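Text of query26.csv (CSV, C-alpha atoms) as supplied:
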```csv
chain,number,residue,atom,x,y,z
A,1,MET,CA,-33.3,-96.5,21.3
A,2,ARG,CA,-31.2,-95.5,24.4
A,3,TRP,CA,-29.2,-92.3,24.1
A,4,THR,CA,-26.3,-91.6,26.4
A,5,PHE,CA,-24.1,-88.5,26.9
A,6,LEU,CA,-20.6,-87.8,28.0
A,7,LEU,CA,-18.2,-85.0,29.1
A,8,GLY,CA,-14.7,-84.4,30.2
A,9,GLY,CA,-12.2,-81.7,31.0
A,10,LEU,CA,-10.5,-79.5,33.6
A,11,LEU,CA,-10.9,-75.9,34.8
A,12,LEU,CA,-8.4,-73.6,33.2
A,13,ALA,CA,-7.1,-70.0,33.6
A,14,SER,CA,-9.2,-66.9,32.9
A,15,ASN,CA,-10.9,-65.1,30.1
A,16,SER,CA,-13.4,-62.2,30.3
A,17,ALA,CA,-17.0,-62.7,29.3
A,18,LEU,CA,-18.1,-61.7,25.8
A,19,ALA,CA,-21.4,-60.7,24.2
A,20,ASN,CA,-23.8,-63.6,23.4
A,21,ASP,CA,-23.4,-63.6,19.6
A,22,THR,CA,-24.3,-66.7,17.7
A,23,THR,CA,-23.0,-68.3,14.5
A,24,ALA,CA,-25.0,-71.1,12.8
A,25,GLU,CA,-23.4,-74.2,11.3
A,26,LEU,CA,-24.1,-75.8,8.0
A,27,THR,CA,-25.2,-79.5,8.4
A,28,THR,CA,-23.2,-82.0,6.4
A,29,GLY,CA,-23.5,-85.7,5.9
A,30,GLY,CA,-22.2,-88.7,4.0
A,31,LEU,CA,-22.4,-90.2,0.5
A,32,ILE,CA,-25.6,-91.1,-1.3
A,33,TYR,CA,-26.3,-93.0,-4.5
A,34,SER,CA,-29.1,-94.3,-6.7
A,35,GLN,CA,-30.6,-97.2,-4.7
A,36,THR,CA,-30.2,-100.8,-5.5
A,37,SER,CA,-30.9,-104.0,-3.5
A,38,GLU,CA,-27.4,-105.3,-4.5
A,39,VAL,CA,-25.0,-102.9,-2.9
A,40,THR,CA,-24.6,-102.9,0.9
A,41,MET,CA,-22.5,-100.7,3.2
A,42,GLU,CA,-20.4,-103.2,5.1
A,43,GLU,CA,-18.5,-100.7,7.2
A,44,GLU,CA,-18.6,-97.0,8.0
A,45,ASN,CA,-15.8,-95.4,10.1
A,46,LEU,CA,-16.7,-91.8,11.0
A,47,TYR,CA,-14.4,-89.4,12.7
A,48,ILE,CA,-15.6,-85.9,13.7
A,49,SER,CA,-13.7,-83.0,15.3
A,50,GLN,CA,-14.0,-79.3,15.1
A,51,ASP,CA,-11.3,-79.3,12.5
A,52,GLU,CA,-12.0,-82.3,10.3
A,53,VAL,CA,-14.5,-84.9,9.3
A,54,LEU,CA,-13.1,-88.2,8.0
A,55,VAL,CA,-15.3,-91.0,6.7
A,56,ASP,CA,-14.1,-94.4,5.5
A,57,TYR,CA,-16.6,-96.8,3.8
A,58,VAL,CA,-16.5,-100.3,2.6
A,59,PHE,CA,-19.2,-101.2,0.1
A,60,ARG,CA,-19.9,-104.6,-1.4
A,61,ASN,CA,-22.0,-105.7,-4.4
A,62,SER,CA,-23.6,-109.0,-3.4
A,63,GLY,CA,-25.1,-109.5,-6.8
A,64,LYS,CA,-23.8,-111.8,-9.6
A,65,SER,CA,-22.9,-108.9,-12.0
A,66,ASP,CA,-21.1,-105.6,-11.8
A,67,PHE,CA,-23.2,-102.6,-11.0
A,68,GLU,CA,-22.5,-99.1,-12.2
A,69,SER,CA,-23.9,-96.2,-10.2
A,70,ILE,CA,-23.4,-92.5,-9.4
A,71,ILE,CA,-22.1,-91.7,-5.9
A,72,ALA,CA,-22.9,-88.2,-4.7
A,73,PHE,CA,-21.9,-85.9,-1.8
A,74,PRO,CA,-24.4,-83.1,-1.4
A,75,MET,CA,-22.8,-79.9,0.0
A,76,PRO,CA,-25.1,-78.1,2.5
A,77,ASP,CA,-27.2,-75.3,1.0
A,78,VAL,CA,-25.8,-71.8,1.2
A,79,VAL,CA,-28.7,-69.4,1.7
A,80,GLY,CA,-28.3,-65.8,0.9
A,81,GLY,CA,-30.1,-63.1,2.9
A,82,SER,CA,-29.6,-60.6,5.6
A,83,GLN,CA,-28.2,-63.2,8.0
A,84,SER,CA,-24.6,-63.8,7.1
A,85,ASP,CA,-23.6,-65.2,10.5
A,86,ILE,CA,-23.1,-68.7,9.1
A,87,ALA,CA,-19.9,-70.7,9.3
A,88,TYR,CA,-19.7,-71.8,5.6
A,89,GLY,CA,-15.9,-72.2,5.3
A,90,ASP,CA,-14.2,-70.4,2.4
A,91,PRO,CA,-16.7,-68.0,0.8
A,92,GLU,CA,-14.5,-67.5,-2.2
A,93,SER,CA,-14.2,-71.2,-3.2
A,94,ASP,CA,-16.8,-73.4,-4.9
A,95,ASN,CA,-15.4,-76.2,-2.7
A,96,PHE,CA,-16.0,-74.1,0.4
A,97,LEU,CA,-15.6,-77.1,2.8
A,98,GLY,CA,-12.5,-78.5,1.1
A,99,PHE,CA,-14.2,-81.8,0.1
A,100,SER,CA,-11.8,-84.5,-1.2
A,101,VAL,CA,-12.4,-88.2,-2.0
A,102,ILE,CA,-10.3,-91.4,-2.5
A,103,GLN,CA,-11.6,-94.6,-3.9
A,104,ASP,CA,-9.7,-97.9,-3.6
A,105,GLY,CA,-6.5,-95.9,-3.0
A,106,ARG,CA,-7.0,-93.6,-6.0
A,107,GLN,CA,-7.7,-89.9,-5.7
A,108,ILE,CA,-11.0,-89.1,-7.3
A,109,THR,CA,-11.7,-85.8,-9.0
A,110,PRO,CA,-15.5,-85.5,-8.7
A,111,GLN,CA,-17.7,-83.3,-10.9
A,112,LEU,CA,-19.5,-80.4,-9.3
A,113,GLN,CA,-23.1,-79.5,-10.1
A,114,GLN,CA,-24.3,-76.2,-8.8
A,115,ARG,CA,-27.8,-74.7,-9.1
A,116,VAL,CA,-29.1,-71.4,-8.0
A,117,ILE,CA,-32.7,-71.4,-6.6
A,118,ALA,CA,-34.8,-68.3,-5.9
A,119,MET,CA,-38.5,-68.4,-4.9
A,120,GLY,CA,-38.5,-72.1,-5.7
A,121,ILE,CA,-37.3,-71.5,-9.3
A,122,ASP,CA,-34.0,-72.5,-10.9
A,123,ARG,CA,-32.3,-69.3,-11.9
A,124,THR,CA,-28.8,-70.7,-12.7
A,125,GLU,CA,-28.8,-69.8,-16.4
A,126,GLU,CA,-29.7,-66.2,-15.7
A,127,LEU,CA,-26.8,-65.8,-13.3
A,128,LEU,CA,-24.5,-67.4,-15.9
A,129,ALA,CA,-25.8,-65.0,-18.6
A,130,GLN,CA,-24.9,-62.0,-16.4
A,131,GLN,CA,-21.6,-63.6,-15.3
A,132,VAL,CA,-22.5,-63.4,-11.7
A,133,PRO,CA,-20.7,-66.0,-9.4
A,134,PHE,CA,-23.0,-68.4,-7.5
A,135,LEU,CA,-21.6,-68.1,-4.0
A,136,PRO,CA,-23.9,-65.7,-2.1
A,137,TYR,CA,-21.3,-64.3,0.3
A,138,SER,CA,-18.3,-64.1,-2.1
A,139,GLU,CA,-16.8,-60.7,-2.6
A,140,LYS,CA,-16.7,-61.4,-6.3
A,141,THR,CA,-20.4,-61.9,-6.3
A,142,GLY,CA,-20.9,-58.6,-4.6
A,143,GLU,CA,-18.8,-56.8,-7.1
A,144,ALA,CA,-20.6,-58.4,-10.0
A,145,LEU,CA,-24.0,-57.4,-8.6
A,146,LYS,CA,-22.8,-53.7,-8.5
A,147,ASN,CA,-22.1,-53.9,-12.2
A,148,LEU,CA,-25.4,-55.3,-13.3
A,149,PRO,CA,-27.4,-53.2,-15.8
A,150,GLU,CA,-30.1,-51.1,-14.1
A,151,ASP,CA,-32.9,-53.0,-15.8
A,152,VAL,CA,-31.5,-56.3,-14.6
A,153,LYS,CA,-31.1,-55.0,-11.1
A,154,LYS,CA,-34.8,-53.9,-10.9
A,155,ARG,CA,-36.0,-57.2,-12.4
A,156,TRP,CA,-33.9,-59.3,-10.0
A,157,ILE,CA,-35.2,-57.3,-7.0
A,158,SER,CA,-38.8,-57.8,-8.1
A,159,GLU,CA,-38.2,-61.5,-8.8
A,160,GLY,CA,-36.7,-62.2,-5.4
A,161,LEU,CA,-33.1,-62.9,-6.5
A,162,VAL,CA,-31.6,-59.9,-4.6
A,163,TYR,CA,-32.6,-57.3,-2.1
A,164,VAL,CA,-31.3,-53.7,-1.4
A,165,ASP,CA,-29.2,-53.4,1.7
A,166,ARG,CA,-29.1,-49.8,3.0
A,167,TYR,CA,-26.5,-49.1,5.6
A,168,ASP,CA,-24.3,-46.4,7.1
A,169,ALA,CA,-20.6,-47.4,7.5
A,170,GLY,CA,-19.4,-44.0,8.4
A,171,LYS,CA,-19.5,-42.5,4.9
A,172,GLY,CA,-23.2,-41.7,4.8
A,173,TRP,CA,-26.0,-44.0,3.6
A,174,GLN,CA,-25.0,-46.6,1.0
A,175,GLU,CA,-26.9,-49.2,-1.0
A,176,ASP,CA,-25.7,-52.6,-2.1
A,177,LEU,CA,-27.5,-55.5,-3.7
A,178,ARG,CA,-27.4,-58.7,-1.6
A,179,PRO,CA,-28.2,-62.2,-2.9
A,180,VAL,CA,-31.3,-63.9,-1.6
A,181,TRP,CA,-30.9,-67.0,-3.7
A,182,THR,CA,-30.0,-70.5,-2.4
A,183,LEU,CA,-26.9,-72.2,-3.8
A,184,ARG,CA,-27.2,-76.0,-4.0
A,185,SER,CA,-24.0,-77.9,-4.8
A,186,VAL,CA,-23.3,-81.6,-5.1
A,187,TYR,CA,-20.1,-83.4,-5.9
A,188,TRP,CA,-20.6,-86.7,-7.9
A,189,TRP,CA,-18.8,-89.4,-9.8
A,190,LYS,CA,-19.6,-92.6,-11.6
A,191,THR,CA,-18.3,-95.8,-10.1
A,192,THR,CA,-18.5,-99.5,-10.7
A,193,PHE,CA,-19.2,-102.0,-7.9
A,194,PRO,CA,-17.7,-105.3,-9.1
A,195,ALA,CA,-19.7,-108.4,-8.2
A,196,GLY,CA,-18.6,-109.9,-4.9
A,197,LYS,CA,-15.8,-107.4,-4.3
A,198,PRO,CA,-15.3,-104.6,-1.7
A,199,VAL,CA,-15.1,-101.0,-2.8
A,200,ARG,CA,-13.4,-98.7,-0.3
A,201,VAL,CA,-14.2,-95.0,-0.4
A,202,SER,CA,-12.8,-92.3,1.9
A,203,HIS,CA,-13.7,-88.7,2.0
A,204,ARG,CA,-12.8,-85.7,4.2
A,205,TYR,CA,-13.7,-82.1,4.6
A,206,LYS,CA,-13.5,-79.3,7.1
A,207,PRO,CA,-16.8,-79.1,9.0
A,208,SER,CA,-18.9,-76.0,9.3
A,209,VAL,CA,-18.6,-75.0,13.0
A,210,GLY,CA,-21.2,-72.8,14.6
A,211,GLY,CA,-21.4,-71.5,18.1
A,212,THR,CA,-21.9,-68.7,20.6
A,213,VAL,CA,-19.5,-66.7,22.7
A,214,ALA,CA,-21.3,-67.8,25.9
A,215,MET,CA,-23.1,-70.9,27.2
A,216,SER,CA,-26.7,-70.3,26.2
A,217,PHE,CA,-28.3,-73.4,27.7
A,218,ILE,CA,-27.6,-72.3,31.4
A,219,GLU,CA,-28.1,-69.1,33.3
A,220,ASP,CA,-27.1,-68.5,37.0
A,221,GLY,CA,-26.6,-72.3,37.4
A,222,LYS,CA,-30.1,-73.2,36.1
A,223,PRO,CA,-31.4,-74.3,32.8
A,224,GLY,CA,-31.5,-71.5,30.2
A,225,PHE,CA,-34.3,-70.6,27.8
A,226,ASN,CA,-33.2,-73.2,25.2
A,227,TYR,CA,-32.3,-76.0,27.7
A,228,ASP,CA,-35.1,-78.4,26.5
A,229,THR,CA,-33.9,-78.0,22.9
A,230,TYR,CA,-30.3,-78.8,23.9
A,231,VAL,CA,-31.4,-81.9,25.9
A,232,ASP,CA,-33.1,-83.3,22.8
A,233,ARG,CA,-30.4,-82.2,20.4
A,234,TYR,CA,-27.2,-82.9,22.4
A,235,CYS,CA,-28.5,-85.2,25.2
A,236,LEU,CA,-27.5,-83.0,28.0
A,237,ASP,CA,-27.8,-84.7,31.4
A,238,THR,CA,-27.6,-83.6,35.1
A,239,GLY,CA,-23.9,-84.3,35.3
A,240,PHE,CA,-23.1,-82.2,32.3
A,241,MET,CA,-25.3,-79.4,33.7
A,242,LYS,CA,-23.5,-79.5,37.1
A,243,THR,CA,-20.2,-79.2,35.3
A,244,ALA,CA,-21.5,-76.3,33.2
A,245,ALA,CA,-22.7,-74.6,36.4
A,246,LYS,CA,-19.2,-74.8,37.8
A,247,LEU,CA,-17.7,-73.4,34.6
A,248,GLU,CA,-20.2,-70.5,34.7
A,249,ALA,CA,-19.5,-69.7,38.3
A,250,ALA,CA,-15.7,-69.9,37.7
A,251,ALA,CA,-16.1,-67.5,34.7
A,252,GLY,CA,-17.9,-65.0,37.0
A,253,LYS,CA,-14.8,-65.1,39.3
A,254,SER,CA,-12.3,-64.3,36.6
A,255,GLY,CA,-12.0,-67.9,35.7
A,256,PRO,CA,-12.0,-69.5,32.2
A,257,HIS,CA,-14.8,-68.4,29.9
A,258,TYR,CA,-16.3,-71.3,28.1
A,259,THR,CA,-18.2,-70.9,24.8
A,260,GLU,CA,-20.2,-73.3,22.7
A,261,GLN,CA,-19.3,-74.8,19.3
A,262,TRP,CA,-21.5,-77.0,17.3
A,263,VAL,CA,-21.0,-79.6,14.5
A,264,SER,CA,-23.9,-81.4,12.8
A,265,TYR,CA,-23.7,-84.5,10.6
A,266,ILE,CA,-26.5,-86.2,8.6
A,267,LEU,CA,-26.3,-89.8,9.6
A,268,THR,CA,-29.6,-90.8,8.1
A,269,THR,CA,-28.2,-90.8,4.5
A,270,GLY,CA,-26.7,-94.2,5.5
A,271,ALA,CA,-30.3,-95.6,5.2
A,272,ASN,CA,-30.1,-95.0,1.4
A,273,TRP,CA,-27.9,-98.1,1.1
A,274,ASN,CA,-29.4,-101.6,1.0
A,275,GLY,CA,-29.9,-102.9,4.6
A,276,PRO,CA,-28.2,-101.8,7.8
A,277,ILE,CA,-24.6,-100.7,8.0
A,278,GLY,CA,-22.8,-103.9,8.9
A,279,LYS,CA,-20.2,-102.3,11.2
A,280,PHE,CA,-20.5,-98.7,12.3
A,281,LYS,CA,-17.9,-96.8,14.3
A,282,LEU,CA,-18.1,-93.2,15.4
A,283,THR,CA,-15.2,-91.3,16.9
A,284,VAL,CA,-15.7,-87.8,18.3
A,285,ASP,CA,-12.6,-85.8,19.2
A,286,LYS,CA,-13.1,-82.8,21.5
A,287,GLY,CA,-9.8,-81.3,20.6
A,288,ARG,CA,-8.2,-80.5,24.0
A,289,PRO,CA,-8.4,-82.4,27.3
A,290,GLN,CA,-9.8,-79.2,28.9
A,291,ASN,CA,-12.7,-79.1,26.5
A,292,TYR,CA,-16.1,-80.7,27.1
A,293,VAL,CA,-18.4,-82.5,24.7
A,294,SER,CA,-22.0,-83.8,24.7
A,295,PHE,CA,-23.8,-85.7,22.0
A,296,CYS,CA,-26.4,-88.5,21.6
A,297,GLY,CA,-25.1,-92.0,21.2
A,298,ASN,CA,-25.5,-95.6,22.4
A,299,GLY,CA,-22.7,-97.2,24.4
A,300,VAL,CA,-20.3,-94.4,24.0
A,301,LYS,CA,-16.8,-95.0,25.6
A,302,LYS,CA,-13.9,-92.7,26.3
A,303,VAL,CA,-10.9,-94.2,24.4
A,304,GLY,CA,-8.3,-91.5,24.7
A,305,PRO,CA,-7.6,-88.1,26.4
A,306,THR,CA,-9.8,-86.3,23.9
A,307,THR,CA,-11.6,-89.1,22.0
A,308,PHE,CA,-14.9,-90.9,22.5
A,309,GLU,CA,-16.1,-93.9,20.5
A,310,MET,CA,-19.3,-95.6,19.7
A,311,THR,CA,-19.6,-98.9,17.8
A,312,ALA,CA,-22.6,-100.8,16.5
A,313,THR,CA,-23.4,-103.8,14.2
A,314,ASP,CA,-26.3,-103.9,11.8
A,315,PHE,CA,-26.7,-100.2,12.4
A,316,TYR,CA,-29.8,-98.3,11.2
A,317,PRO,CA,-29.1,-94.5,11.5
A,318,GLU,CA,-32.4,-93.3,12.9
A,319,LYS,CA,-31.3,-89.8,14.0
A,320,ASP,CA,-28.9,-87.3,12.7
A,321,LEU,CA,-25.9,-86.4,14.9
A,322,HIS,CA,-25.4,-83.1,16.6
A,323,ILE,CA,-22.3,-82.4,18.8
A,324,LEU,CA,-21.9,-79.7,21.4
A,325,PHE,CA,-18.4,-78.7,22.3
A,326,LEU,CA,-17.5,-76.4,25.2
A,327,THR,CA,-14.2,-74.6,24.6
A,328,THR,CA,-12.2,-71.7,26.0
A,329,ALA,CA,-10.8,-68.8,23.9
A,330,ASP,CA,-7.3,-69.6,25.1
A,331,ASN,CA,-7.3,-73.0,23.6
```

Mind turning this structure into structure tokens?
Amino acid sequence: MRWTFLLGGLLLASNSALANDTTAELTTGGLIYSQTSEVTMEEENLYISQDEVLVDYVFRNSGKSDFESIIAFPMPDVVGGSQSDIAYGDPESDNFLGFSVIQDGRQITPQLQQRVIAMGIDRTEELLAQQVPFLPYSEKTGEALKNLPEDVKKRWISEGLVYVDRYDAGKGWQEDLRPVWTLRSVYWWKTTFPAGKPVRVSHRYKPSVGGTVAMSFIEDGKPGFNYDTYVDRYCLDTGFMKTAAKLEAAAGKSGPHYTEQWVSYILTTGANWNGPIGKFKLTVDKGRPQNYVSFCGNGVKKVGPTTFEMTATDFYPEKDLHILFLTTADN
């Protein structure tokens, strides 16, 4: 498969350089369902920006009888631990990415299944029994852990559900329990695929956007320590690197300071449906004309001041999609 890359933008006014901190993004994807040879995905129209992911599907049951199935949207795992630098949306909401879905013009209220996993074991019922919220980074979860009985605290520490975080925030040494468990969430609903008729499903959510406060793939105009990883992940080419070098040099002369932002999307779930995707369309919106973007695609074209488009027929998604945005703080 041939992978191409793209960029675009203009130099802007200045910003000072910042520390090279990093925020990880949560990888999201499309719908999945229990497999059948009857239902095909005729069309998928995917729009991705730093602010929103929109996906429109057309499914068709080519069989002679109606087919009932469950359609699911897996939310990305939220993993507790000492690293909290993850862009996971609203930490106080079960629907932390704001997922919503419409089917055939009707708003669907999907059911939400959540499971708590620690050390490979399902511990959901134990958290329910202690009335501890599932979201690892929620303030309500932290407060509930403080109020656990002492014997439960000791047991949960020994069983790998939580760990003791010791820190000094200016008031002397303090200790808090922090979750180590993984929260697995999936939205799902039952639907019927009528024989010979299209079913149109649209869903949207706010993506998890990670990034750094500097360009980490380039240093002094030359490839940085993780350049090879970026070439594979985002399809950087020599043209993009030349532009990045100019941006880096301009930042050193009180010019605009560009930082990275990342969005990832699991395309390969499309292979769960019978056969290839009949018509596939990907639109990536870089947000502002002065931004830059790089991602892997085939036959990508610029179709607007900030938008790039890729289309394909009989499309088999062989690789997940990772998008690199270069933006300035004064955007």

Given all atoms listed in the file as the basis, pick out the residue of A:Asp51, A:Glu126, A:Glu175, A:Asp56 nearest to Gln103 in chain A.
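Ranking A:Asp51, A:Glu126, A:Glu175, A:Asp56 by distance to Gln103 in chain A, first place goes to A:Asp56.
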
Scan for residues within 12 Å of the point (-23.1, -77.8, 34.9) in the coordinates of the file, using all atoms listed in the file, and reply as a ChimeraX atom specification.
/A:7-8,215,217-224,227,236-250,258,292,294,326

Which residue of A:Tyr47, A:Trp188, A:Tyr205, A:Tyr57 approaches Asn95 in chain A most closely, using all atoms listed in the file
A:Tyr205

Please, which residues are within 10 Å of (-15.9, -76.1, -3.2) by the file's coordinates, counting all atoms listed in the file, and could they come as a list in words?
Met75, Gly89, Asp90, Pro91, Glu92, Ser93, Asp94, Asn95, Phe96, Leu97, Gly98, Phe99, Ser100, Leu112, Leu135, Ser185, Val186 and Tyr187 of chain A

For a test of reading the model, state the distance in Å between CA of Phe193 in chain A and CA of Met310 in chain A, rounded to one decimal.
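According to the coordinates, CA of Phe193 in chain A and CA of Met310 in chain A are separated by 28.3 Å.
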
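Nearest to Lys279 in chain A of all the residues A:Phe325, A:Trp189, A:Trp156, A:Phe315 is A:Phe315, based on only C-alpha atoms.
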
12 Å contact set for Phe295 in chain A, all atoms listed in the file, chain neighbours under 5 positions out, as a VMD selection string:
chain A and resid 3 to 7 48 230 to 237 240 262 to 265 282 to 286 300 308 to 310 319 to 326

What's the separation between CA of Val213 in chain A and CA of Glu260 in chain A, in Å to one decimal place?
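Going from CA of Val213 in chain A over to CA of Glu260 in chain A covers 6.6 Å.
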